[in-house]
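upload-v3.txt follows (compact mmCIF, C-alpha atoms):
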```
# COMPACT_ATOMS: atom_id res chain seq x y z
CA MET X 1 0.00 0.00 0.00
CA LEU X 2 2.85 2.38 0.79
CA ARG X 3 4.23 2.14 -2.74
CA GLU X 4 0.82 3.23 -4.09
CA ILE X 5 1.27 6.77 -2.72
CA THR X 6 2.14 8.97 -5.71
CA LEU X 7 2.37 12.35 -3.94
CA GLY X 8 5.80 13.90 -4.42
CA GLN X 9 6.80 11.56 -7.24
CA TYR X 10 7.89 12.71 -10.71
CA TYR X 11 6.84 10.82 -13.85
CA PRO X 12 9.19 11.56 -16.78
CA ALA X 13 7.45 11.98 -20.12
CA ASN X 14 7.56 14.15 -23.22
CA SER X 15 4.34 16.14 -22.95
CA VAL X 16 3.03 19.69 -23.15
CA LEU X 17 2.60 19.88 -19.37
CA HIS X 18 6.17 18.73 -18.74
CA SER X 19 7.37 21.57 -20.99
CA LEU X 20 5.41 24.29 -19.22
CA ASP X 21 7.00 26.74 -16.81
CA PRO X 22 6.40 25.60 -13.20
CA ARG X 23 4.85 29.00 -12.40
CA VAL X 24 2.12 28.30 -14.95
CA LYS X 25 1.41 24.92 -13.36
CA LEU X 26 1.33 26.40 -9.86
CA PHE X 27 -1.11 29.10 -10.95
CA GLY X 28 -3.20 26.55 -12.84
CA THR X 29 -3.35 24.27 -9.80
CA LEU X 30 -4.44 27.20 -7.61
CA VAL X 31 -7.19 28.12 -10.09
CA TYR X 32 -8.28 24.49 -10.27
CA ILE X 33 -8.56 24.16 -6.46
CA ILE X 34 -10.54 27.43 -6.15
CA THR X 35 -13.02 26.43 -8.85
CA LEU X 36 -13.24 22.86 -7.52
CA PHE X 37 -14.53 24.13 -4.17
CA SER X 38 -16.74 26.78 -5.81
CA PHE X 39 -19.01 24.65 -7.99
CA ASP X 40 -22.59 24.18 -6.77
CA ASN X 41 -24.37 22.54 -9.70
CA VAL X 42 -23.94 19.71 -12.21
CA PRO X 43 -22.92 21.82 -15.27
CA LEU X 44 -20.02 23.40 -13.36
CA PHE X 45 -18.95 20.00 -12.05
CA ALA X 46 -19.03 18.62 -15.60
CA MET X 47 -16.95 21.57 -16.80
CA ILE X 48 -14.27 20.98 -14.15
CA LEU X 49 -14.26 17.24 -14.86
CA ILE X 50 -13.82 17.81 -18.62
CA ALA X 51 -10.94 20.23 -17.93
CA LEU X 52 -9.29 17.69 -15.61
CA ILE X 53 -9.61 14.90 -18.19
CA GLY X 54 -8.09 17.16 -20.84
CA VAL X 55 -5.13 18.03 -18.60
CA ILE X 56 -4.55 14.35 -17.79
CA LYS X 57 -4.52 13.55 -21.50
CA LEU X 58 -2.00 16.33 -22.14
CA SER X 59 0.28 15.11 -19.33
CA LYS X 60 0.78 11.65 -20.93
CA VAL X 61 0.89 10.17 -17.42
CA PRO X 62 -1.07 6.89 -17.25
CA PHE X 63 -4.36 7.39 -15.46
CA SER X 64 -3.86 4.10 -13.62
CA PHE X 65 -0.66 5.54 -12.11
CA MET X 66 -2.56 8.58 -10.79
CA VAL X 67 -5.40 6.47 -9.37
CA LYS X 68 -2.88 4.43 -7.36
CA GLY X 69 -2.64 7.33 -4.93
CA LEU X 70 -6.34 7.00 -4.09
CA ARG X 71 -6.09 3.42 -2.84
CA SER X 72 -4.22 4.41 0.30
CA ILE X 73 -6.99 6.84 1.39
CA ILE X 74 -10.07 4.98 0.12
CA MET X 75 -11.12 4.12 3.69
CA LEU X 76 -10.85 7.78 4.73
CA LEU X 77 -13.03 8.82 1.78
CA VAL X 78 -15.64 6.18 2.64
CA ILE X 79 -15.78 7.18 6.32
CA ALA X 80 -16.05 10.90 5.49
CA GLY X 81 -18.79 10.18 2.95
CA LEU X 82 -20.78 8.10 5.46
CA PHE X 83 -20.50 10.80 8.13
CA ASN X 84 -21.86 13.39 5.69
CA MET X 85 -24.61 11.05 4.56
CA PHE X 86 -25.93 10.03 7.99
CA LEU X 87 -25.22 13.09 10.16
CA THR X 88 -26.51 15.93 7.97
CA PRO X 89 -30.06 17.09 8.75
CA GLY X 90 -32.64 17.26 5.98
CA ILE X 91 -35.55 15.38 4.45
CA THR X 92 -35.29 11.69 5.35
CA LEU X 93 -34.96 9.40 2.34
CA VAL X 94 -34.04 6.09 4.00
CA GLU X 95 -34.10 4.98 7.65
CA LEU X 96 -31.64 2.34 8.84
CA GLY X 97 -32.53 1.96 12.50
CA PRO X 98 -31.25 5.03 14.37
CA LEU X 99 -29.47 6.26 11.23
CA LYS X 100 -31.16 8.34 8.56
CA ILE X 101 -30.05 9.16 5.04
CA THR X 102 -31.25 12.65 4.17
CA ASP X 103 -31.40 14.41 0.83
CA VAL X 104 -28.92 17.09 1.90
CA GLY X 105 -26.62 14.47 3.45
CA LEU X 106 -26.59 12.39 0.26
CA ILE X 107 -25.78 15.43 -1.89
CA ASN X 108 -23.05 16.57 0.52
CA ALA X 109 -21.51 13.09 0.58
CA ILE X 110 -21.36 12.94 -3.22
CA LYS X 111 -19.94 16.49 -3.45
CA MET X 112 -17.33 15.96 -0.75
CA THR X 113 -16.14 12.58 -2.06
CA SER X 114 -15.94 13.75 -5.68
CA ARG X 115 -14.10 16.92 -4.64
CA MET X 116 -11.52 15.01 -2.61
CA VAL X 117 -10.90 12.51 -5.43
CA MET X 118 -10.55 15.25 -8.03
CA LEU X 119 -8.38 17.32 -5.67
CA ILE X 120 -5.90 14.48 -5.18
CA ILE X 121 -5.77 13.62 -8.89
CA GLY X 122 -5.54 17.27 -9.97
CA THR X 123 -2.71 18.19 -7.60
CA SER X 124 -0.90 14.96 -8.49
CA VAL X 125 -0.75 16.14 -12.11
CA MET X 126 1.44 19.07 -11.03
CA THR X 127 3.90 17.00 -8.97
CA LEU X 128 4.03 14.21 -11.56
CA THR X 129 4.95 16.64 -14.35
CA THR X 130 7.31 18.93 -12.37
CA THR X 131 10.72 18.01 -10.97
CA PRO X 132 11.53 19.08 -7.38
CA ASN X 133 14.14 21.58 -8.64
CA GLN X 134 11.62 23.16 -11.02
CA LEU X 135 9.04 23.28 -8.26
CA THR X 136 11.46 25.06 -5.92
CA ALA X 137 12.37 27.62 -8.58
CA GLY X 138 8.71 28.14 -9.48
CA LEU X 139 7.66 28.63 -5.85
CA GLU X 140 10.49 31.10 -5.25
CA LYS X 141 9.58 33.14 -8.34
CA SER X 142 5.85 32.99 -7.58
CA LEU X 143 6.33 34.16 -3.99
CA GLY X 144 8.78 36.88 -4.99
CA PHE X 145 6.16 39.59 -4.42
CA LEU X 146 6.34 38.83 -0.68
CA SER X 147 9.89 40.21 -0.55
CA LYS X 148 8.77 43.57 -1.99
CA PHE X 149 5.72 43.61 0.26
CA GLY X 150 7.88 42.78 3.30
CA ALA X 151 10.34 45.54 2.44
CA ALA X 152 7.45 48.03 2.37
CA ILE X 153 6.32 47.10 5.89
CA ASN X 154 9.80 46.33 7.31
CA VAL X 155 9.19 42.59 7.56
CA ASP X 156 11.73 40.15 6.14
CA PHE X 157 10.07 37.32 4.20
CA HIS X 158 12.60 34.58 3.47
CA VAL X 159 10.99 33.53 0.19
CA HIS X 160 13.85 31.30 -0.93
CA ASP X 161 13.88 29.48 2.41
CA ILE X 162 10.10 28.95 2.29
CA ALA X 163 10.33 27.49 -1.22
CA MET X 164 13.29 25.30 -0.23
CA ILE X 165 11.48 23.96 2.84
CA MET X 166 8.37 23.10 0.83
CA SER X 167 10.44 21.44 -1.88
CA ILE X 168 12.48 19.36 0.58
CA ALA X 169 9.32 18.31 2.43
CA LEU X 170 7.72 17.21 -0.83
CA ARG X 171 10.90 15.40 -1.94
CA PHE X 172 11.14 13.53 1.37
CA ILE X 173 7.66 11.97 1.03
CA PRO X 174 8.69 9.16 -1.39
CA VAL X 175 11.98 8.75 0.49
CA LEU X 176 10.22 8.20 3.81
CA ILE X 177 7.69 5.89 2.16
CA GLU X 178 10.53 3.75 0.82
CA GLU X 179 12.21 3.80 4.24
CA THR X 180 8.97 2.71 5.93
CA ASP X 181 8.64 -0.14 3.45
CA LYS X 182 12.18 -1.32 4.24
CA ILE X 183 11.55 -1.21 8.01
CA MET X 184 8.29 -3.12 7.61
CA LYS X 185 9.99 -5.86 5.59
CA ALA X 186 12.83 -6.09 8.14
CA GLN X 187 10.35 -6.44 11.01
CA MET X 188 8.20 -8.93 9.09
CA ALA X 189 11.32 -11.06 8.58
CA ARG X 190 11.62 -11.10 12.38
CA GLY X 191 8.01 -12.22 12.88
CA ALA X 192 6.04 -8.97 12.95
CA ASP X 193 2.50 -9.11 11.52
CA PHE X 194 1.08 -6.04 9.76
CA GLU X 195 -1.60 -7.74 7.65
CA THR X 196 -3.99 -9.66 9.92
CA GLY X 197 -6.59 -8.30 12.33
CA GLY X 198 -9.02 -5.42 12.21
CA LEU X 199 -8.38 -1.75 11.59
CA VAL X 200 -7.50 -1.02 15.24
CA LYS X 201 -5.09 -3.97 15.47
CA LYS X 202 -3.37 -2.98 12.22
CA ALA X 203 -2.96 0.58 13.52
CA THR X 204 -1.53 -0.77 16.80
CA ASN X 205 0.90 -3.01 14.91
CA MET X 206 2.25 0.06 13.09
CA VAL X 207 3.43 1.69 16.36
CA PRO X 208 6.79 -0.17 16.44
CA LEU X 209 7.57 1.43 13.05
CA LEU X 210 7.52 4.96 14.45
CA VAL X 211 10.77 4.91 16.46
CA PRO X 212 13.08 3.58 13.69
CA LEU X 213 11.27 5.75 11.13
CA PHE X 214 11.81 8.93 13.18
CA VAL X 215 15.45 7.98 13.81
CA SER X 216 15.97 7.46 10.07
CA ALA X 217 14.18 10.74 9.22
CA PHE X 218 16.33 12.74 11.67
CA ARG X 219 19.49 11.06 10.36
CA ARG X 220 18.60 11.96 6.78
CA ALA X 221 17.78 15.54 7.80
CA THR X 222 21.14 15.84 9.59
CA ASP X 223 23.02 14.43 6.59
CA LEU X 224 21.24 16.89 4.32
CA ALA X 225 22.12 19.80 6.62
CA TYR X 226 25.80 18.76 6.69
CA ALA X 227 25.83 18.41 2.89
CA MET X 228 24.32 21.90 2.45
CA GLU X 229 26.84 23.41 4.88
CA ALA X 230 29.73 21.63 3.14
CA ARG X 231 28.64 23.30 -0.10
CA CYS X 232 28.52 26.72 1.62
CA TYR X 233 24.77 27.06 1.23
CA ASN X 234 23.58 30.30 2.85
CA GLY X 235 20.14 31.00 1.40
CA GLY X 236 18.92 32.67 -1.76
CA GLU X 237 20.55 36.10 -1.45
CA GLY X 238 22.86 36.64 -4.44
CA ARG X 239 22.47 33.08 -5.75
CA THR X 240 22.22 32.46 -9.49
CA LYS X 241 20.35 29.74 -11.37
CA MET X 242 21.85 27.17 -13.70
CA ARG X 243 18.56 27.19 -15.67
CA PRO X 244 16.73 30.52 -15.09
CA LEU X 245 12.98 30.39 -15.60
CA THR X 246 11.80 32.17 -18.74
CA TYR X 247 8.34 32.26 -20.24
CA THR X 248 7.83 30.93 -23.76
CA SER X 249 5.00 31.31 -26.23
CA LEU X 250 3.63 27.98 -24.95
CA ASP X 251 3.39 29.41 -21.42
CA GLN X 252 1.62 32.52 -22.72
CA ARG X 253 -0.96 30.36 -24.52
CA ALA X 254 -1.42 28.34 -21.33
CA TYR X 255 -2.11 31.53 -19.35
CA ILE X 256 -4.67 32.59 -21.97
CA CYS X 257 -6.41 29.22 -21.65
CA LEU X 258 -6.46 29.54 -17.85
CA PHE X 259 -8.00 33.03 -17.94
CA MET X 260 -10.59 31.85 -20.48
CA TYR X 261 -11.40 28.94 -18.16
CA ILE X 262 -11.86 31.34 -15.20
CA ILE X 263 -14.12 33.68 -17.20
CA LEU X 264 -16.20 30.81 -18.57
CA PHE X 265 -16.54 29.17 -15.15
CA TYR X 266 -17.81 32.28 -13.36
CA ALA X 267 -19.98 33.26 -16.33
CA VAL X 268 -21.76 29.89 -16.15
CA LYS X 269 -21.93 30.19 -12.34
CA ALA X 270 -23.58 33.63 -12.64
CA VAL X 271 -26.12 32.42 -15.22
CA LEU X 272 -27.06 29.27 -13.31
```
Take the structure in this file and express it as structure tokens.
Amino acid sequence: MLREITLGQYYPANSVLHSLDPRVKLFGTLVYIITLFSFDNVPLFAMILIALIGVIKLSKVPFSFMVKGLRSIIMLLVIAGLFNMFLTPGITLVELGPLKITDVGLINAIKMTSRMVMLIIGTSVMTLTTTPNQLTAGLEKSLGFLSKFGAAINVDFHVHDIAMIMSIALRFIPVLIEETDKIMKAQMARGADFETGGLVKKATNMVPLLVPLFVSAFRRATDLAYAMEARCYNGGEGRTKMRPLTYTSLDQRAYICLFMYIILFYAVKAVL
């Protein structure tokens, strides 16, 4: 199950999305998340779904690879959907003993579950088509306005450090997943059982993984800090880029498509 988590992984391919500037993909992901949590009717949902399918096609990343990330949280989605379905007041549709399925609860459960699934798949498109180095550079450039704003109010925003922290955190996700998998296999070879029993027993059996996992995580963090110090890393002030980010005509067309999508979305929302 651990190897099915796709967050933080990069899928190499020769596609339009892989060629885009990371700033375009960050802005597009932000627009997608805002519109995803703004739709309130079926036409808007269909519009977002069509846009997501089109982006997935352009990415050339296998859809089965993206869906793998949902398997690890399927139980969480089911539980959240059931809570919305049974605990939301409204007109009763079905009674199951003390539990009642209401019309509002059923609609909320469908909305919430579909939003979470589309959120995970949509954000995965960005990480699967953007390398960690590109993501760091894109975040730093995108948050550059904070430095000017901070200078105006005498507050120092360490934009480069913020981008570096986010990038390292994202890069460590697959590393820690792989480390957890190794620890589990080592403990299973010594007789540990992580497969049998109910949900509570499985969660209890995972406790012995925490100590070696934290020790390994702190060791990796220390090694990374020593490596950065050995290379005289001292933040983003005065640093240059091996591959500076520059917009191309493809990025400009992508921005035009994004603004057309925003206008169309809110035009349909206003009409309906």
Expected answer as a PDB file with C-alpha atoms, keeping the file's coordinate frame: all residues with atoms within 9 Å of (2.6, 28.4, -9.0), all atoms listed in the file:
```pdb
ATOM      1  CA  PRO X  22       6.400  25.600 -13.200  1.00  0.00           C
ATOM      2  CA  ARG X  23       4.850  29.000 -12.400  1.00  0.00           C
ATOM      3  CA  VAL X  24       2.120  28.300 -14.950  1.00  0.00           C
ATOM      4  CA  LYS X  25       1.410  24.920 -13.360  1.00  0.00           C
ATOM      5  CA  LEU X  26       1.330  26.400  -9.860  1.00  0.00           C
ATOM      6  CA  PHE X  27      -1.110  29.100 -10.950  1.00  0.00           C
ATOM      7  CA  GLY X  28      -3.200  26.550 -12.840  1.00  0.00           C
ATOM      8  CA  THR X  29      -3.350  24.270  -9.800  1.00  0.00           C
ATOM      9  CA  LEU X  30      -4.440  27.200  -7.610  1.00  0.00           C
ATOM     10  CA  LEU X 135       9.040  23.280  -8.260  1.00  0.00           C
ATOM     11  CA  GLY X 138       8.710  28.140  -9.480  1.00  0.00           C
ATOM     12  CA  LEU X 139       7.660  28.630  -5.850  1.00  0.00           C
ATOM     13  CA  LYS X 141       9.580  33.140  -8.340  1.00  0.00           C
ATOM     14  CA  SER X 142       5.850  32.990  -7.580  1.00  0.00           C
ATOM     15  CA  LEU X 143       6.330  34.160  -3.990  1.00  0.00           C
TER      16      LEU X 143
END
```
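The closest residue to X:Phe65, picked from X:Leu119, X:Leu128, X:Leu20, X:Val207 and counting all atoms listed in the file, is X:Leu128.
Closest approach to X:Ile110 among X:Gly81, X:Pro98, X:Pro62, X:Pro12: X:Gly81, based on all atoms listed in the file.
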Problem set entry | Nearby residues (all atoms listed in the file) at most 12 Å from X:Ala169, same-chain spacing under 3 positions excluded, as number ranges by chain | X: 7-8, 132, 135-136, 162-166, 172-176, 217, 221
Exercise. Which protein, DNA or RNA residues have an atom at most 12 Å from (-19.1, 23.0, -13.2), counting all atoms listed in the file? List them as number ranges by chain.
Worked result: X: 32, 34-52, 111, 115, 261-262, 264-272
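Considering the residues X:Met66, X:Met85, X:Cys232, X:Val215 and counting only C-alpha atoms, X:Ile183 has its shortest atom-to-atom contact with X:Val215.
Closest approach to X:Asp161 among X:Tyr233, X:Arg220, X:Met206, X:Ile53: X:Tyr233, based on only C-alpha atoms.
Of the residues under consideration (X:Leu17, X:Leu87, X:Ile56, X:Ala189), X:Leu17 shows the shortest atom-to-atom contact distance to X:Thr131 when counting all atoms listed in the file.
Counting all atoms listed in the file and comparing X:Asn205, X:Gly144, X:Ser216, X:Ala137, the residue that lies closest to X:Met242 is X:Ala137.
Atom pair atom CA of X:Thr92 / atom CA of X:Gly105: separated by 9.3 Å.
Atom CA of X:Asn133 sits 26.3 Å away from atom CA of X:Lys182.
Across the model, the gap from atom CA of X:Met116 to atom CA of X:Ile256 is 27.0 Å.
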Quick one: 8 Å padding each side, axis-aligned, all listed atoms of stretch 186-195 of chain X - centre and edge lengths in Å to one decimal, as lines of an AutoDock Vina configuration file?
```
center_x = 5.6
center_y = -9.1
center_z = 10.3
size_x = 30.4
size_y = 22.2
size_z = 21.3
```
